[in-house]
>>> print(open('start06.cif').read())   # mmCIF, C-alpha atoms
data_start
#
loop_
_atom_site.label_atom_id
_atom_site.label_comp_id
_atom_site.auth_asym_id
_atom_site.auth_seq_id
_atom_site.Cartn_x
_atom_site.Cartn_y
_atom_site.Cartn_z
CA MET W 1 33.34 -20.70 -35.46
CA ALA W 2 33.92 -17.52 -33.46
CA SER W 3 30.68 -15.97 -34.71
CA GLU W 4 28.73 -19.09 -33.70
CA LEU W 5 30.27 -18.91 -30.23
CA ALA W 6 29.36 -15.21 -30.01
CA LYS W 7 25.75 -15.95 -31.01
CA GLU W 8 25.57 -18.69 -28.40
CA ILE W 9 26.89 -16.36 -25.69
CA VAL W 10 24.36 -13.67 -26.64
CA GLN W 11 21.51 -16.19 -26.55
CA MET W 12 22.60 -17.48 -23.15
CA SER W 13 22.88 -13.97 -21.72
CA GLN W 14 19.38 -12.88 -22.80
CA ARG W 15 16.70 -13.00 -20.16
CA GLN W 16 13.85 -15.40 -20.70
CA ASP W 17 10.44 -13.76 -21.03
CA ARG W 18 8.25 -14.13 -17.98
CA THR W 19 5.31 -12.51 -16.26
CA SER W 20 5.95 -10.53 -13.12
CA PRO W 21 5.95 -12.68 -9.97
CA LEU W 22 4.93 -9.65 -7.87
CA VAL W 23 2.55 -6.70 -8.21
CA LEU W 24 2.43 -3.37 -6.41
CA ILE W 25 -1.07 -1.99 -5.95
CA VAL W 26 -1.54 1.74 -5.30
CA TYR W 27 -4.82 2.59 -3.59
CA SER W 28 -6.55 5.07 -1.31
CA ARG W 29 -7.14 4.51 2.37
CA SER W 30 -10.82 5.08 1.65
CA THR W 31 -10.86 2.09 -0.74
CA ARG W 32 -12.72 -0.81 0.78
CA SER W 33 -10.61 -3.91 1.27
CA ARG W 34 -12.52 -5.91 -1.33
CA ASP W 35 -11.90 -3.15 -3.92
CA ILE W 36 -8.12 -3.28 -3.53
CA ARG W 37 -8.10 -6.24 -5.91
CA ASN W 38 -10.37 -4.39 -8.38
CA GLU W 39 -8.38 -3.06 -11.34
CA GLN W 40 -10.97 -0.29 -11.81
CA GLU W 41 -10.09 1.21 -8.42
CA THR W 42 -6.31 0.87 -8.29
CA MET W 43 -3.02 1.39 -10.10
CA ARG W 44 -0.97 -1.77 -10.66
CA ILE W 45 2.77 -1.92 -11.22
CA THR W 46 4.52 -5.08 -12.38
CA ALA W 47 7.97 -5.94 -13.74
CA PRO W 48 7.69 -8.57 -16.50
CA ILE W 49 10.44 -9.53 -18.92
CA GLU W 50 9.32 -9.13 -22.53
CA GLY W 51 11.54 -9.53 -25.57
CA GLY W 52 14.43 -10.19 -23.20
CA LYS W 53 14.00 -6.78 -21.54
CA LEU W 54 12.94 -6.11 -17.98
CA ILE W 55 10.26 -3.41 -17.86
CA PHE W 56 8.01 -1.67 -15.37
CA ARG W 57 4.39 -1.95 -16.53
CA ILE W 58 1.99 0.54 -14.98
CA SER W 59 -1.75 0.16 -15.54
CA PHE W 60 -4.52 2.32 -14.20
CA PRO W 61 -8.20 2.96 -14.94
CA ILE W 62 -8.81 5.58 -17.62
CA GLN W 63 -12.44 6.41 -16.78
CA ASN W 64 -11.32 8.50 -13.82
CA TYR W 65 -9.44 10.82 -16.18
CA THR W 66 -12.07 11.57 -18.85
CA PRO W 67 -12.93 15.00 -17.37
CA ILE W 68 -9.29 16.04 -17.87
CA LEU W 69 -8.40 14.13 -21.03
CA GLY W 70 -11.75 14.46 -22.77
CA ASN W 71 -13.88 11.72 -24.25
CA ASN W 72 -11.76 11.32 -27.39
CA VAL W 73 -8.75 9.70 -25.73
CA HIS W 74 -6.99 7.43 -28.20
CA ASP W 75 -4.04 5.45 -26.94
CA ASN W 76 -2.62 2.40 -28.70
CA ASN W 77 -1.76 0.96 -25.29
CA GLN W 78 -5.28 1.42 -23.96
CA LEU W 79 -7.05 -1.87 -23.40
CA ALA W 80 -10.75 -1.57 -22.58
CA ASP W 81 -10.76 1.05 -19.84
CA GLN W 82 -7.16 0.60 -18.69
CA THR W 83 -4.17 2.65 -19.72
CA ILE W 84 -0.91 0.72 -19.79
CA LEU W 85 2.46 2.44 -19.73
CA ASP W 86 5.73 0.53 -20.09
CA TYR W 87 9.06 1.88 -18.79
CA ASP W 88 12.49 0.31 -19.29
CA ALA W 89 13.72 -0.98 -15.94
CA ASP W 90 16.63 1.46 -16.05
CA ASN W 91 14.08 4.33 -16.09
CA ILE W 92 12.97 3.70 -12.52
CA GLU W 93 12.68 7.45 -11.93
CA GLY W 94 10.15 7.78 -14.77
CA ALA W 95 8.06 4.92 -13.42
CA ALA W 96 8.19 6.39 -9.90
CA THR W 97 7.26 9.87 -11.15
CA CYS W 98 4.28 8.48 -13.08
CA SER W 99 3.15 6.58 -9.98
CA GLU W 100 3.54 9.66 -7.79
CA GLY W 101 1.46 11.72 -10.21
CA TYR W 102 -1.33 9.16 -10.06
CA MET W 103 -1.12 9.12 -6.28
CA SER W 104 -1.33 12.91 -6.08
CA TYR W 105 -4.21 13.25 -8.54
CA ARG W 106 -6.33 10.48 -7.07
CA ASP W 107 -5.38 10.97 -3.38
CA LYS W 108 -3.99 7.46 -3.28
CA ARG W 109 -1.26 7.04 -0.71
CA ASP W 110 -0.97 3.40 0.12
CA VAL W 111 0.98 0.69 -1.69
CA MET W 112 0.67 -3.06 -1.15
CA LEU W 113 2.87 -5.81 -2.53
CA PHE W 114 1.22 -9.07 -3.56
CA GLN W 115 2.57 -12.26 -5.02
CA VAL W 116 1.05 -13.18 -8.36
CA ILE W 117 -0.09 -16.79 -8.33
CA HIS W 118 -1.74 -19.02 -10.91
CA ASN W 119 -3.56 -17.34 -13.81
CA GLY W 120 -2.58 -13.85 -12.65
CA ASP W 121 -4.56 -14.04 -9.43
CA LEU W 122 -3.18 -12.26 -6.39
CA GLY W 123 -2.02 -14.09 -3.30
CA GLN W 124 -4.48 -14.17 -0.43
CA PHE W 125 -2.55 -11.72 1.77
CA PRO W 126 -0.23 -8.80 0.97
CA LEU W 127 3.49 -9.38 1.46
CA SER W 128 4.20 -5.74 2.41
CA ARG W 129 2.47 -2.40 2.80
CA TRP W 130 3.71 1.18 2.64
CA THR W 131 1.87 4.42 3.45
CA LEU W 132 3.27 7.41 1.60
CA GLU W 133 2.19 10.83 2.74
CA GLU W 134 2.76 13.67 0.30
CA ASN W 135 4.57 15.72 2.93
CA GLN W 136 6.67 13.29 4.93
CA SER W 137 7.78 15.72 7.63
CA GLY W 138 10.87 14.64 9.47
CA LYS W 139 11.81 12.16 6.75
CA THR W 140 14.53 12.66 4.19
CA GLY W 141 13.82 12.27 0.51
CA SER W 142 10.74 12.86 -1.57
CA ARG W 143 7.85 10.53 -2.24
CA VAL W 144 9.31 9.85 -5.73
CA GLN W 145 12.58 8.71 -4.13
CA THR W 146 10.66 6.46 -1.75
CA LEU W 147 8.69 5.03 -4.67
CA GLN W 148 11.97 4.30 -6.51
CA LYS W 149 13.09 2.24 -3.53
CA ILE W 150 9.76 0.39 -3.41
CA LEU W 151 9.89 -0.30 -7.18
CA ASN W 152 13.19 -2.09 -6.64
CA VAL W 153 11.22 -4.77 -4.77
CA LEU W 154 9.77 -5.85 -8.12
CA LEU W 155 13.22 -6.53 -9.60
CA VAL W 156 13.47 -10.10 -8.34
CA LYS W 157 14.78 -13.05 -10.27
CA SER W 158 12.43 -15.95 -10.69
#
>>> encode(input="start06.cif", output="structure tokens")
Amino acid sequence: MASELAKEIVQMSQRQDRTSPLVLIVYSRSTRSRDIRNEQETMRITAPIEGGKLIFRISFPIQNYTPILGNNVHDNNQLADQTILDYDADNIEGAATCSEGYMSYRDKRDVMLFQVIHNGDLGQFPLSRWTLEENQSGKTGSRVQTLQKILNVLLVKS
């Protein structure tokens, strides 16, 4: 009886799997507005729940990295020409550091927040926008710390 009650409590406390209701898109100011929605030009960060666990999922185009990584890149998480990295939600610093590295390497400094609507399409207009300069003179905290704060936006209940 007690073990059945314990199982029921555990089942009730587990999060239900869901896709992320929001997406952060990292892009360069030189990116044309129509290309912001193009997954081959941008990094995307979402926060789905999978297997009852909230994660940060970061995807970015791999073809831009072949000169550094070589042509023999083999990654089990690589789908087509996208690399996908998953971070536990409690490792927000790791997700922010990965994002900052991408921003530094690709000279991408802008982040937009979009709602994800039907079939994974993005909402028509961004909900928010942040510009992150590498050297934020006069501001406290690093770009990684700022990214950690922005990543918290994805941790919504839906």
>>> residues_near_point(input="start06.cif", point="(10.2, -1.5, -13.4)", cutoff="6 Å", atoms="all atoms listed in the file", output="PyMOL selection string")
chain W and resi 47+55-56+89+92
>>> residues_around(input="start06.cif", residues="region 141-156 of chain W", least_positions_apart="4", cutoff="7 Å", atoms="all atoms listed in the file", output="VMD selection string")
chain W and resid 22 46 to 47 92 to 93 96 to 97 100 132 134
>>> closest_residue(input="start06.cif", among="W:Thr83, W:Ser3, W:Thr42, W:Thr19", to="Arg109 (chain W)", atoms="all atoms listed in the file")
W:Thr42
>>> resolve_selection(input="start06.cif", expression="the PyMOL selection byres ((chain W and resi 112-125) around 8)", output="ChimeraX atom specification")
/W:20-26,37,110-111,126-130
>>> residues_near_point(input="start06.cif", point="(10.1, -15.1, -17.8)", cutoff="8 Å", atoms="all atoms listed in the file", output="PyMOL selection string")
chain W and resi 15-20+48-50+158
>>> closest_residue(input="start06.cif", among="W:Leu85, W:Met43, W:Ile58, W:Ala95", to="Ser28 (chain W)", atoms="only C-alpha atoms")
W:Met43
>>> atom_distance(input="start06.cif", atom1="CA of Asn91 (chain W)", atom2="CA of Ile62 (chain W)")
23.0 Å
